[in-house]
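Text of target_39.txt, listed as compact mmCIF, C-alpha atoms:
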```
# COMPACT_ATOMS: atom_id res chain seq x y z
CA MET B 1 -0.67 20.89 -33.81
CA ASN B 2 -2.59 17.81 -34.86
CA THR B 3 -3.03 15.93 -31.57
CA THR B 4 -2.71 12.52 -33.20
CA THR B 5 0.94 13.31 -34.00
CA LEU B 6 1.60 15.29 -30.82
CA PHE B 7 3.75 12.57 -29.25
CA ASP B 8 6.05 12.31 -32.29
CA ASN B 9 7.73 15.65 -31.54
CA THR B 10 11.17 14.53 -30.33
CA GLU B 11 12.62 18.05 -30.14
CA VAL B 12 10.15 18.88 -27.33
CA ALA B 13 10.37 15.39 -25.81
CA PHE B 14 14.15 15.41 -25.31
CA ALA B 15 14.85 19.14 -24.94
CA LEU B 16 16.25 18.59 -21.43
CA LYS B 17 18.69 15.85 -22.51
CA ASN B 18 22.16 16.81 -23.65
CA ASP B 19 23.83 14.69 -26.30
CA SER B 20 25.54 12.31 -23.87
CA GLN B 21 22.30 11.79 -21.89
CA LEU B 22 20.52 11.04 -25.15
CA GLU B 23 23.20 8.45 -26.03
CA ARG B 24 22.92 6.88 -22.56
CA ALA B 25 19.13 6.62 -22.85
CA TYR B 26 19.51 4.96 -26.26
CA PHE B 27 22.07 2.50 -24.87
CA LEU B 28 19.85 1.62 -21.85
CA PHE B 29 16.69 1.00 -23.85
CA LYS B 30 18.72 -1.05 -26.33
CA MET B 31 19.90 -3.24 -23.42
CA ILE B 32 16.38 -3.50 -21.97
CA SER B 33 15.02 -4.60 -25.36
CA TYR B 34 16.89 -7.92 -25.02
CA GLU B 35 15.07 -10.09 -22.50
CA PRO B 36 18.05 -12.44 -21.85
CA MET B 37 20.19 -9.36 -21.15
CA VAL B 38 17.66 -8.14 -18.55
CA ARG B 39 17.58 -11.57 -16.87
CA ILE B 40 21.38 -11.88 -16.75
CA GLY B 41 21.84 -8.24 -15.71
CA THR B 42 19.27 -8.58 -12.91
CA ALA B 43 20.86 -11.74 -11.53
CA ALA B 44 24.38 -10.29 -11.76
CA THR B 45 23.36 -7.02 -10.09
CA ASN B 46 21.58 -8.79 -7.22
CA PHE B 47 24.60 -11.03 -6.69
CA ALA B 48 27.07 -8.12 -6.79
CA LEU B 49 25.07 -6.09 -4.26
CA LYS B 50 24.64 -9.06 -1.88
CA ALA B 51 28.36 -9.84 -2.14
CA HIS B 52 29.14 -6.15 -1.44
CA LEU B 53 31.09 -5.83 -4.69
CA PRO B 54 31.87 -2.21 -5.66
CA VAL B 55 29.17 -1.87 -8.33
CA GLU B 56 27.12 1.01 -6.90
CA GLY B 57 29.11 3.58 -8.89
CA LEU B 58 28.40 1.77 -12.15
CA ILE B 59 24.70 1.34 -11.33
CA ARG B 60 24.50 4.98 -10.25
CA SER B 61 26.01 6.35 -13.46
CA THR B 62 23.81 4.25 -15.76
CA VAL B 63 20.41 2.82 -14.88
CA PHE B 64 19.99 4.64 -11.52
CA ASP B 65 20.62 8.15 -12.88
CA HIS B 66 18.33 7.49 -15.83
CA PHE B 67 15.31 6.25 -13.81
CA CYS B 68 15.88 7.95 -10.41
CA GLY B 69 16.24 11.52 -9.16
CA GLY B 70 18.93 10.82 -6.55
CA VAL B 71 19.71 9.10 -3.25
CA ASN B 72 17.80 11.66 -1.13
CA GLU B 73 15.27 14.44 -1.66
CA GLU B 74 17.90 17.24 -1.74
CA ASP B 75 19.70 15.26 -4.44
CA CYS B 76 16.52 15.45 -6.56
CA LEU B 77 16.28 19.25 -6.57
CA PRO B 78 18.17 19.86 -9.84
CA VAL B 79 15.95 17.25 -11.56
CA ILE B 80 12.78 18.82 -10.12
CA ASP B 81 13.77 22.36 -11.10
CA ASN B 82 14.95 21.27 -14.55
CA MET B 83 11.68 19.49 -15.40
CA PHE B 84 9.63 22.43 -14.14
CA THR B 85 11.29 24.75 -16.67
CA LYS B 86 9.25 22.74 -19.23
CA GLY B 87 6.07 22.77 -17.15
CA VAL B 88 6.40 19.21 -15.80
CA SER B 89 5.86 18.80 -12.04
CA ALA B 90 7.52 16.18 -9.83
CA VAL B 91 6.07 13.53 -7.53
CA LEU B 92 8.94 12.41 -5.29
CA ASP B 93 8.63 8.67 -4.78
CA TYR B 94 10.61 7.19 -1.88
CA SER B 95 11.17 3.82 -3.55
CA VAL B 96 12.52 1.75 -0.67
CA GLU B 97 10.59 -1.55 -0.50
CA GLY B 98 10.19 -4.72 1.51
CA LYS B 99 10.81 -3.51 5.07
CA GLU B 100 9.17 -5.43 7.93
CA VAL B 101 9.77 -3.56 11.21
CA ASP B 102 8.06 -0.64 12.93
CA SER B 103 11.17 1.55 12.97
CA ALA B 104 11.39 1.28 9.15
CA PHE B 105 7.67 2.15 8.81
CA ASP B 106 8.16 5.19 11.07
CA ASP B 107 11.18 6.22 8.98
CA CYS B 108 9.07 5.98 5.83
CA ARG B 109 6.26 8.04 7.42
CA ASP B 110 8.79 10.69 8.52
CA LYS B 111 10.26 10.75 5.01
CA ILE B 112 6.79 11.39 3.50
CA LEU B 113 6.06 14.12 6.08
CA LYS B 114 9.37 15.74 5.17
CA ILE B 115 8.51 15.57 1.46
CA ILE B 116 5.12 17.23 2.16
CA ARG B 117 6.86 20.11 3.95
CA PHE B 118 9.37 20.21 1.11
CA ALA B 119 6.53 20.24 -1.45
CA ASP B 120 4.73 23.02 0.41
CA GLU B 121 7.64 25.33 -0.43
CA LYS B 122 7.99 24.27 -4.07
CA GLU B 123 5.40 25.00 -6.73
CA ALA B 124 6.95 22.19 -8.80
CA MET B 125 5.81 19.54 -6.26
CA PRO B 126 2.01 19.66 -5.81
CA ILE B 127 1.67 15.90 -5.13
CA VAL B 128 3.29 13.25 -2.90
CA VAL B 129 2.99 9.45 -2.93
CA PHE B 130 3.47 6.44 -0.68
CA LYS B 131 2.83 2.68 -0.71
CA PRO B 132 0.59 1.11 1.98
CA THR B 133 3.31 -1.45 2.72
CA GLY B 134 5.71 1.43 3.34
CA PHE B 135 3.64 2.08 6.48
CA GLY B 136 2.96 -1.51 7.66
CA ARG B 137 3.41 -5.22 7.07
CA LEU B 138 1.67 -6.77 4.06
CA HIS B 139 0.64 -9.73 6.25
CA LEU B 140 -1.55 -7.46 8.39
CA TYR B 141 -3.38 -5.94 5.41
CA GLN B 142 -3.91 -9.44 4.06
CA LYS B 143 -5.25 -10.82 7.35
CA LEU B 144 -7.71 -7.93 7.73
CA GLY B 145 -8.78 -8.16 4.09
CA GLU B 146 -9.54 -11.85 4.55
CA GLY B 147 -11.78 -10.98 7.51
CA LYS B 148 -9.58 -12.75 10.06
CA THR B 149 -9.39 -11.56 13.66
CA LEU B 150 -6.20 -9.79 14.65
CA THR B 151 -4.40 -10.70 17.87
CA SER B 152 -4.18 -7.92 20.46
CA GLU B 153 -0.57 -7.23 19.40
CA GLU B 154 -1.62 -7.11 15.75
CA LYS B 155 -4.52 -4.81 16.63
CA GLU B 156 -2.05 -2.38 18.22
CA GLU B 157 0.21 -2.71 15.18
CA TRP B 158 -2.70 -1.95 12.85
CA ASP B 159 -3.63 1.12 14.94
CA ARG B 160 -0.08 2.39 14.37
CA ILE B 161 -0.51 1.90 10.59
CA VAL B 162 -3.77 3.88 10.67
CA ALA B 163 -2.03 6.60 12.69
CA ARG B 164 0.76 6.84 10.07
CA PHE B 165 -1.81 7.22 7.25
CA ASP B 166 -3.70 9.81 9.28
CA MET B 167 -0.63 11.88 10.15
CA VAL B 168 0.41 12.09 6.49
CA CYS B 169 -3.08 12.89 5.15
CA LYS B 170 -3.67 15.51 7.87
CA LEU B 171 -0.44 17.37 7.09
CA ALA B 172 -1.13 17.11 3.34
CA LYS B 173 -4.52 18.78 3.87
CA GLU B 174 -2.94 21.52 6.00
CA LYS B 175 -0.26 22.19 3.37
CA ASP B 176 -2.61 21.80 0.37
CA VAL B 177 -0.56 18.95 -1.13
CA GLU B 178 -2.30 15.97 -2.74
CA VAL B 179 -1.47 12.42 -1.62
CA LEU B 180 -1.47 9.46 -4.01
CA ILE B 181 -1.64 6.08 -2.25
CA ASP B 182 -0.23 3.37 -4.51
CA GLY B 183 -2.01 0.11 -5.29
CA GLU B 184 -0.34 -3.21 -4.49
CA GLU B 185 -1.13 -6.96 -4.58
CA SER B 186 -4.83 -7.90 -4.71
CA TRP B 187 -4.60 -10.04 -1.55
CA MET B 188 -3.72 -7.02 0.57
CA GLN B 189 -5.68 -4.39 -1.35
CA ASP B 190 -9.11 -4.71 0.33
CA ALA B 191 -7.79 -3.51 3.69
CA ALA B 192 -5.78 -0.75 1.99
CA ASP B 193 -8.90 0.32 0.02
CA ASP B 194 -10.94 0.57 3.23
CA LEU B 195 -8.24 2.62 4.90
CA CYS B 196 -7.92 4.95 1.89
CA GLU B 197 -11.68 5.42 1.89
CA ASP B 198 -11.63 6.31 5.60
CA MET B 199 -8.99 8.95 4.84
CA MET B 200 -11.04 10.33 1.92
CA ARG B 201 -14.11 10.53 4.15
CA LYS B 202 -12.10 12.48 6.72
CA TYR B 203 -9.95 14.76 4.54
CA ASN B 204 -11.72 15.08 1.16
CA VAL B 205 -14.76 17.00 2.40
CA THR B 206 -14.27 20.19 0.38
CA LYS B 207 -11.85 18.92 -2.28
CA PRO B 208 -9.77 15.81 -2.92
CA VAL B 209 -6.54 15.53 -0.95
CA VAL B 210 -6.33 11.72 -0.73
CA TYR B 211 -6.23 9.60 -3.90
CA ASN B 212 -6.44 5.81 -3.95
CA THR B 213 -5.13 3.79 -6.92
CA LEU B 214 -7.18 1.69 -9.33
CA GLN B 215 -5.10 -1.04 -10.99
CA THR B 216 -7.27 -1.62 -14.03
CA TYR B 217 -5.69 -4.93 -15.03
CA ARG B 218 -8.06 -6.19 -12.31
CA TRP B 219 -11.46 -6.84 -13.87
CA ASP B 220 -13.36 -5.89 -10.67
CA ARG B 221 -12.08 -2.30 -10.42
CA PHE B 222 -14.80 -0.55 -12.42
CA ASP B 223 -17.49 -1.93 -10.10
CA TYR B 224 -15.42 -0.86 -7.10
CA LEU B 225 -15.07 2.65 -8.57
CA LYS B 226 -18.84 2.97 -9.07
CA SER B 227 -19.68 1.70 -5.58
CA LEU B 228 -17.20 4.09 -3.94
CA HIS B 229 -18.63 6.95 -6.00
CA GLU B 230 -22.10 6.16 -4.62
CA ARG B 231 -20.77 6.14 -1.03
CA ALA B 232 -18.92 9.40 -1.61
CA LYS B 233 -22.10 11.10 -2.84
CA ALA B 234 -24.16 9.66 0.03
CA ASP B 235 -21.62 10.59 2.72
CA GLY B 236 -20.61 13.97 1.30
CA PHE B 237 -16.95 13.57 0.43
CA LYS B 238 -14.92 13.84 -2.78
CA ALA B 239 -13.15 10.82 -4.23
CA GLY B 240 -9.68 10.91 -5.77
CA PHE B 241 -8.22 8.18 -7.97
CA LYS B 242 -4.97 7.52 -9.72
CA ILE B 243 -5.65 5.00 -12.48
CA VAL B 244 -2.93 2.70 -13.79
CA ARG B 245 -2.90 -0.56 -15.67
CA GLY B 246 -0.97 -2.44 -12.96
CA ALA B 247 2.40 -3.78 -11.86
CA TYR B 248 2.09 -7.29 -10.42
CA MET B 249 0.51 -9.34 -13.21
CA GLU B 250 2.82 -12.37 -13.25
CA LYS B 251 2.76 -12.62 -9.46
CA GLU B 252 -1.07 -12.32 -9.39
CA ARG B 253 -1.67 -15.01 -12.00
CA LYS B 254 0.84 -17.39 -10.43
CA ARG B 255 -0.67 -17.09 -6.96
CA ALA B 256 -4.23 -17.56 -8.27
CA GLU B 257 -3.11 -20.74 -10.05
CA GLU B 258 -1.23 -22.10 -7.02
CA LYS B 259 -4.08 -21.41 -4.61
CA GLY B 260 -6.85 -22.44 -6.99
CA TYR B 261 -8.94 -19.26 -7.20
CA ASP B 262 -10.06 -17.23 -10.23
CA SER B 263 -7.37 -14.85 -11.41
CA PRO B 264 -8.21 -11.23 -10.56
CA ILE B 265 -6.43 -10.14 -13.76
CA CYS B 266 -8.23 -9.31 -17.03
CA GLU B 267 -8.01 -12.10 -19.60
CA SER B 268 -6.12 -10.04 -22.18
CA LYS B 269 -4.18 -6.83 -22.77
CA LEU B 270 -7.14 -5.54 -24.80
CA ALA B 271 -9.53 -6.16 -21.90
CA THR B 272 -7.16 -4.27 -19.58
CA ASP B 273 -6.97 -1.35 -22.03
CA ASP B 274 -10.78 -1.27 -22.27
CA ASN B 275 -11.10 -1.38 -18.48
CA PHE B 276 -8.60 1.48 -18.07
CA ASP B 277 -10.40 3.64 -20.63
CA THR B 278 -13.81 2.81 -19.12
CA CYS B 279 -12.68 3.85 -15.62
CA MET B 280 -11.03 6.99 -16.99
CA SER B 281 -14.10 7.99 -19.01
CA TYR B 282 -16.39 7.38 -16.01
CA ILE B 283 -14.32 9.72 -13.84
CA LEU B 284 -14.08 12.41 -16.55
CA ASN B 285 -17.89 12.23 -16.74
CA ASN B 286 -18.11 12.74 -12.95
CA LEU B 287 -15.40 15.34 -12.26
CA ASN B 288 -17.66 17.18 -9.81
CA ASP B 289 -17.34 14.23 -7.42
CA ILE B 290 -14.06 12.51 -8.41
CA SER B 291 -10.61 13.84 -9.27
CA LEU B 292 -8.30 11.97 -11.61
CA PHE B 293 -4.59 11.27 -11.95
CA ILE B 294 -4.04 9.41 -15.24
CA GLY B 295 -0.95 7.26 -14.70
CA THR B 296 -0.21 5.89 -18.14
CA HIS B 297 2.46 5.40 -20.80
CA ASN B 298 -0.25 4.49 -23.31
CA GLU B 299 -0.58 7.10 -26.05
CA GLN B 300 -4.12 6.07 -27.08
CA SER B 301 -5.46 6.53 -23.55
CA CYS B 302 -3.86 9.99 -23.43
CA TYR B 303 -5.43 10.94 -26.77
CA LEU B 304 -8.82 9.69 -25.50
CA ALA B 305 -8.51 11.80 -22.34
CA MET B 306 -7.52 14.88 -24.35
CA THR B 307 -10.45 14.39 -26.72
CA MET B 308 -12.92 13.94 -23.86
CA MET B 309 -11.60 17.02 -22.04
CA ASP B 310 -11.97 19.03 -25.23
CA GLU B 311 -15.53 17.77 -25.88
CA LYS B 312 -16.61 18.40 -22.28
CA GLY B 313 -14.99 21.83 -22.07
CA ILE B 314 -12.66 20.73 -19.25
CA GLU B 315 -9.82 23.24 -19.00
CA LYS B 316 -6.35 21.80 -19.60
CA THR B 317 -5.24 23.39 -16.31
CA ASP B 318 -8.20 22.03 -14.29
CA ASN B 319 -6.56 20.66 -11.11
CA ASN B 320 -9.02 17.73 -11.12
CA VAL B 321 -7.15 16.13 -14.05
CA TRP B 322 -3.44 15.25 -14.07
CA PHE B 323 -1.39 13.11 -16.42
CA GLY B 324 1.56 11.18 -15.00
CA GLN B 325 4.48 9.12 -16.26
CA LEU B 326 7.61 7.67 -14.66
CA TYR B 327 10.89 9.56 -14.70
CA GLY B 328 13.17 8.18 -17.42
CA MET B 329 10.28 6.90 -19.53
CA SER B 330 7.79 8.27 -22.06
CA ASP B 331 9.27 11.77 -22.22
CA HIS B 332 7.52 12.09 -25.58
CA ILE B 333 4.19 11.95 -23.71
CA SER B 334 5.07 14.05 -20.65
CA TYR B 335 6.82 16.98 -22.30
CA ASN B 336 4.55 17.21 -25.32
CA LEU B 337 1.45 17.22 -23.08
CA ALA B 338 3.03 19.90 -20.88
CA SER B 339 3.92 21.97 -23.96
CA GLN B 340 0.20 22.03 -24.79
CA GLY B 341 -0.68 23.29 -21.29
CA TYR B 342 -1.93 20.09 -19.58
CA ASN B 343 -1.16 19.27 -15.94
CA VAL B 344 1.69 16.74 -16.06
CA ALA B 345 3.77 15.18 -13.30
CA LYS B 346 6.65 12.72 -13.40
CA TYR B 347 7.08 10.13 -10.64
CA VAL B 348 10.69 10.68 -9.51
CA PRO B 349 11.94 7.68 -7.49
CA PHE B 350 14.77 8.22 -5.02
CA GLY B 351 16.57 6.41 -2.22
CA PRO B 352 19.86 4.61 -1.51
CA VAL B 353 21.05 2.74 -4.61
CA LYS B 354 20.83 -0.77 -3.12
CA ASP B 355 17.37 -0.10 -1.59
CA VAL B 356 15.98 1.15 -4.90
CA MET B 357 17.20 -1.88 -6.89
CA PRO B 358 13.90 -3.86 -6.58
CA TYR B 359 12.14 -0.84 -8.15
CA LEU B 360 14.72 -0.55 -10.95
CA ILE B 361 14.59 -4.28 -11.70
CA ARG B 362 10.79 -4.09 -11.97
CA ARG B 363 11.13 -1.17 -14.40
CA ALA B 364 13.52 -3.17 -16.60
CA GLU B 365 11.31 -6.28 -16.52
CA GLU B 366 8.14 -4.29 -17.27
CA ASN B 367 9.78 -2.57 -20.22
CA THR B 368 10.81 -5.96 -21.58
CA SER B 369 7.30 -7.38 -21.22
CA VAL B 370 5.25 -4.43 -22.54
CA ALA B 371 5.05 -5.07 -26.27
CA GLY B 372 6.11 -2.07 -28.30
CA GLN B 373 7.02 0.17 -25.34
CA THR B 374 10.79 -0.19 -25.63
CA SER B 375 10.87 -0.17 -29.42
CA ARG B 376 8.81 3.06 -29.37
CA GLU B 377 11.31 4.67 -26.97
CA LEU B 378 14.22 3.49 -29.14
CA ASN B 379 12.67 4.80 -32.37
CA LEU B 380 12.04 8.23 -30.83
CA LEU B 381 15.59 8.42 -29.44
CA LYS B 382 16.95 7.39 -32.85
CA THR B 383 14.83 10.10 -34.54
CA GLU B 384 16.16 12.74 -32.15
CA LYS B 385 19.76 11.58 -32.62
CA LYS B 386 19.25 11.93 -36.36
CA ARG B 387 17.67 15.36 -35.93
CA ARG B 388 20.73 16.47 -33.91
CA LYS B 389 22.97 14.55 -36.36
CA LEU B 390 24.70 12.66 -33.53
```

Would you write out, as structure tokens, the structure that this file holds?
Amino acid sequence: MNTTTLFDNTEVAFALKNDSQLERAYFLFKMISYEPMVRIGTAATNFALKAHLPVEGLIRSTVFDHFCGGVNEEDCLPVIDNMFTKGVSAVLDYSVEGKEVDSAFDDCRDKILKIIRFADEKEAMPIVVFKPTGFGRLHLYQKLGEGKTLTSEEKEEWDRIVARFDMVCKLAKEKDVEVLIDGEESWMQDAADDLCEDMMRKYNVTKPVVYNTLQTYRWDRFDYLKSLHERAKADGFKAGFKIVRGAYMEKERKRAEEKGYDSPICESKLATDDNFDTCMSYILNNLNDISLFIGTHNEQSCYLAMTMMDEKGIEKTDNNVWFGQLYGMSDHISYNLASQGYNVAKYVPFGPVKDVMPYLIRRAEENTSVAGQTSRELNLLKTEKKRRKL
């Protein structure tokens, strides 16, 4: 198959969707394509949940079931097994956000440990993921990153965060499961980066277990990648990186403006795309030292990676290179890549409906703001409906 048309194959892309699921996907992306609809829907949903109106069933049967695997990990099993019949692995993503107390952070840690044990028994789940703020308060990361001194209570609290990271990475190494640590806001990221690097130094001695995330809409990330690579070579450990474009652009720009510092975000979409491809190419050129998880819904970046792998003789099944997309999105990329033999994993978010709403709202808003993304999804769904004569 000509790779430049690989992602147009809708029969492969939507093979797992029955006719009614295909219709639901078309309806959802149609809704998401109208920005006012997303704004009104978001406000109405937030209000309904806060007022304890009985809307969970409606959310569950529409947007939740399309973008999430279930309310708990057992709930996700049919989704995981179904995707794996087409060669697509699952990364279970416990998408509960914004907690502020130690008991919630311990719960999150225990959930990740449970997923690692779960993954150890399932070939379809070679990778797990967590957010730094799932294990501790953003304020603490920020304070450390700004070089401020922690109070004795905060120091103890930070030690507990480090212990949570360590417990998860240690078990992942024992069970041979890879851990992706998500990137977050730039003002907390320095402390998270340092902690991720400590974990790499400790657990990535023979091969990468721990992966940090590069959000390449930040213009400083390529320099950070190169400097970490140098430290990894000097200190004898392997680096692991998930690369993404990024998820907090509006928030980042607004804060930079309010506080009067230079925005950490690239000046344009083109500059972000270039930065992503530069970071990706650098890692593919240094696969002996760095492993790569390519988190993207961008077809051109996928084609570039495929071309580079082909030119460099990198096997499609080489465990040092994975492609990843979000569940409910870009099936035309995921399933067509998998059909060609590449390593592909879908992020499968799960959690109680009301706790996962911030994640779902971000998905809807991102889809509205990424030019062409939603119309591409709609066109492919329309093509498949026509092919099935729905």

Distance in Å - atom CA of Met167 of chain B versus atom CA of Met199 of chain B: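 Between atom CA of Met167 of chain B and atom CA of Met199 of chain B the gap works out to 10.3 Å.
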
Around (1.7, 10.9, -1.5) in the file's own coordinates, what residues are found within 6 Å if you use all atoms listed in the file, given back as a list in words?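 Protein, DNA and RNA residues close to (1.7, 10.9, -1.5): Val128, Val129, Phe130, Val179, Leu180 and Ile181 of chain B.
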
Can I get the selection written as a compact mmCIF listing (two decimals), keeping the file's coordinate frame, with C-alpha atoms?
```
# COMPACT_ATOMS: atom_id res chain seq x y z
CA VAL B 128 3.29 13.25 -2.90
CA VAL B 129 2.99 9.45 -2.93
CA PHE B 130 3.47 6.44 -0.68
CA VAL B 179 -1.47 12.42 -1.62
CA LEU B 180 -1.47 9.46 -4.01
CA ILE B 181 -1.64 6.08 -2.25
```

Shell around Ile112 of chain B at 8 Å using only C-alpha atoms, local window under 2 positions removed, as an MDAnalysis selection string: chainID B and resid 94 108:110 114:116 128:130 168

Just C-alpha atoms for this one: save the residues we selected as a PDB file, in the coordinates of the input.
```pdb
ATOM      1  CA  TYR B  94      10.610   7.190  -1.880  1.00  0.00           C
ATOM      2  CA  CYS B 108       9.070   5.980   5.830  1.00  0.00           C
ATOM      3  CA  ARG B 109       6.260   8.040   7.420  1.00  0.00           C
ATOM      4  CA  ASP B 110       8.790  10.690   8.520  1.00  0.00           C
ATOM      5  CA  LYS B 114       9.370  15.740   5.170  1.00  0.00           C
ATOM      6  CA  ILE B 115       8.510  15.570   1.460  1.00  0.00           C
ATOM      7  CA  ILE B 116       5.120  17.230   2.160  1.00  0.00           C
ATOM      8  CA  VAL B 128       3.290  13.250  -2.900  1.00  0.00           C
ATOM      9  CA  VAL B 129       2.990   9.450  -2.930  1.00  0.00           C
ATOM     10  CA  PHE B 130       3.470   6.440  -0.680  1.00  0.00           C
ATOM     11  CA  VAL B 168       0.410  12.090   6.490  1.00  0.00           C
TER      12      VAL B 168
END
```

For Cys279 of chain B, which of B:Phe222, B:Phe241, B:Trp187, B:Phe323 is the closest residue, counting all atoms listed in the file? B:Phe222

Could you list, as a PyMOL selection string, every residue within 12 Å of segment 136-141 of chain B, counting all atoms listed in the file and ignoring same-chain residues fewer than 6 positions away? chain B and resi 97-109+130+147-151+153-165+184-195

Pick the closest to Lys346 of chain B from B:Pro126, B:Gly236, B:Gly183, B:Pro358: which is it, counting only C-alpha atoms?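 Using only C-alpha atoms, the shortest distance to Lys346 of chain B belongs to B:Pro126.
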
Spatial neighbours of Ile40 of chain B, max dist 12 Å, all atoms listed in the file, sep filter under 5 positions, as a PDB file with C-alpha atoms, in the frame of the given file:
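Written output follows (out-v2.pdb):
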```pdb
ATOM      1  CA  MET B  31      19.900  -3.240 -23.420  1.00  0.00           C
ATOM      2  CA  ILE B  32      16.380  -3.500 -21.970  1.00  0.00           C
ATOM      3  CA  TYR B  34      16.890  -7.920 -25.020  1.00  0.00           C
ATOM      4  CA  GLU B  35      15.070 -10.090 -22.500  1.00  0.00           C
ATOM      5  CA  THR B  45      23.360  -7.020 -10.090  1.00  0.00           C
ATOM      6  CA  ASN B  46      21.580  -8.790  -7.220  1.00  0.00           C
ATOM      7  CA  PHE B  47      24.600 -11.030  -6.690  1.00  0.00           C
ATOM      8  CA  ILE B 361      14.590  -4.280 -11.700  1.00  0.00           C
ATOM      9  CA  ALA B 364      13.520  -3.170 -16.600  1.00  0.00           C
ATOM     10  CA  GLU B 365      11.310  -6.280 -16.520  1.00  0.00           C
TER      11      GLU B 365
END
```

Given the point (20.8, 18.0, -33.0) in the file's coordinates, find the residues that have an atom at most 12 Å from it, counting only C-alpha atoms, and give them as a VMD selection string. chain B and resid 10 to 11 14 to 15 17 to 20 22 381 to 390

Only C-alpha atoms, please: the residues just picked out, written as a PDB file, in the frame of the given file.
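The new file again.pdb reads:
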```
ATOM      1  CA  THR B  10      11.170  14.530 -30.330  1.00  0.00           C
ATOM      2  CA  GLU B  11      12.620  18.050 -30.140  1.00  0.00           C
ATOM      3  CA  PHE B  14      14.150  15.410 -25.310  1.00  0.00           C
ATOM      4  CA  ALA B  15      14.850  19.140 -24.940  1.00  0.00           C
ATOM      5  CA  LYS B  17      18.690  15.850 -22.510  1.00  0.00           C
ATOM      6  CA  ASN B  18      22.160  16.810 -23.650  1.00  0.00           C
ATOM      7  CA  ASP B  19      23.830  14.690 -26.300  1.00  0.00           C
ATOM      8  CA  SER B  20      25.540  12.310 -23.870  1.00  0.00           C
ATOM      9  CA  LEU B  22      20.520  11.040 -25.150  1.00  0.00           C
ATOM     10  CA  LEU B 381      15.590   8.420 -29.440  1.00  0.00           C
ATOM     11  CA  LYS B 382      16.950   7.390 -32.850  1.00  0.00           C
ATOM     12  CA  THR B 383      14.830  10.100 -34.540  1.00  0.00           C
ATOM     13  CA  GLU B 384      16.160  12.740 -32.150  1.00  0.00           C
ATOM     14  CA  LYS B 385      19.760  11.580 -32.620  1.00  0.00           C
ATOM     15  CA  LYS B 386      19.250  11.930 -36.360  1.00  0.00           C
ATOM     16  CA  ARG B 387      17.670  15.360 -35.930  1.00  0.00           C
ATOM     17  CA  ARG B 388      20.730  16.470 -33.910  1.00  0.00           C
ATOM     18  CA  LYS B 389      22.970  14.550 -36.360  1.00  0.00           C
ATOM     19  CA  LEU B 390      24.700  12.660 -33.530  1.00  0.00           C
TER      20      LEU B 390
END
```

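Coordinates place atom CA of Cys169 of chain B at a distance of 12.3 Å from atom CA of Arg117 of chain B.
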
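Between Ser301 of chain B and the candidates B:Met357, B:Val91, B:Met83, B:Ile243, the tightest atom-to-atom separation, counting only C-alpha atoms, involves B:Ile243.
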
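Atom to atom, atom CA of Pro264 of chain B and atom CA of Cys302 of chain B stand 25.2 Å apart.
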
Polymer residues at most 10 Å from Lys30 of chain B, only C-alpha atoms, same-chain spacing of 4 or more positions, as a PDB file with C-alpha atoms, in the frame of the given file:
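Produced file result-v1.pdb, reproduced below:
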```pdb
ATOM      1  CA  ARG B  24      22.920   6.880 -22.560  1.00  0.00           C
ATOM      2  CA  ALA B  25      19.130   6.620 -22.850  1.00  0.00           C
ATOM      3  CA  TYR B  26      19.510   4.960 -26.260  1.00  0.00           C
ATOM      4  CA  TYR B  34      16.890  -7.920 -25.020  1.00  0.00           C
ATOM      5  CA  MET B  37      20.190  -9.360 -21.150  1.00  0.00           C
ATOM      6  CA  THR B 374      10.790  -0.190 -25.630  1.00  0.00           C
ATOM      7  CA  SER B 375      10.870  -0.170 -29.420  1.00  0.00           C
ATOM      8  CA  GLU B 377      11.310   4.670 -26.970  1.00  0.00           C
ATOM      9  CA  LEU B 378      14.220   3.490 -29.140  1.00  0.00           C
TER      10      LEU B 378
END
```

Under the rule that only C-alpha atoms are counted, which of B:Lys86, B:Arg363, B:Lys170, B:Arg255 is the nearest residue to Leu337 of chain B?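 Looking at the shortest contact to Leu337 of chain B, the residue is B:Lys86.
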
Just the residues within 12 Å of Gln340 of chain B, please, counting only C-alpha atoms, with nothing from its chain fewer than 5 positions along; format it as number ranges by chain. B: 1-3, 6-7, 9, 12, 86-88, 306, 315-317, 333-335

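Among B:Lys207, B:Lys242, B:Arg218, B:Arg201, the residue with the shortest atom-to-atom distance to Trp322 of chain B, counting only C-alpha atoms, is B:Lys242.
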
Select, from B:Met308, B:Thr85, B:Val205, B:Lys175, the residue with the minimum atom-to-atom distance to Ala338 of chain B, counting only C-alpha atoms.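 Going through B:Met308, B:Thr85, B:Val205, B:Lys175 one by one, the smallest distance to Ala338 of chain B is for B:Thr85.
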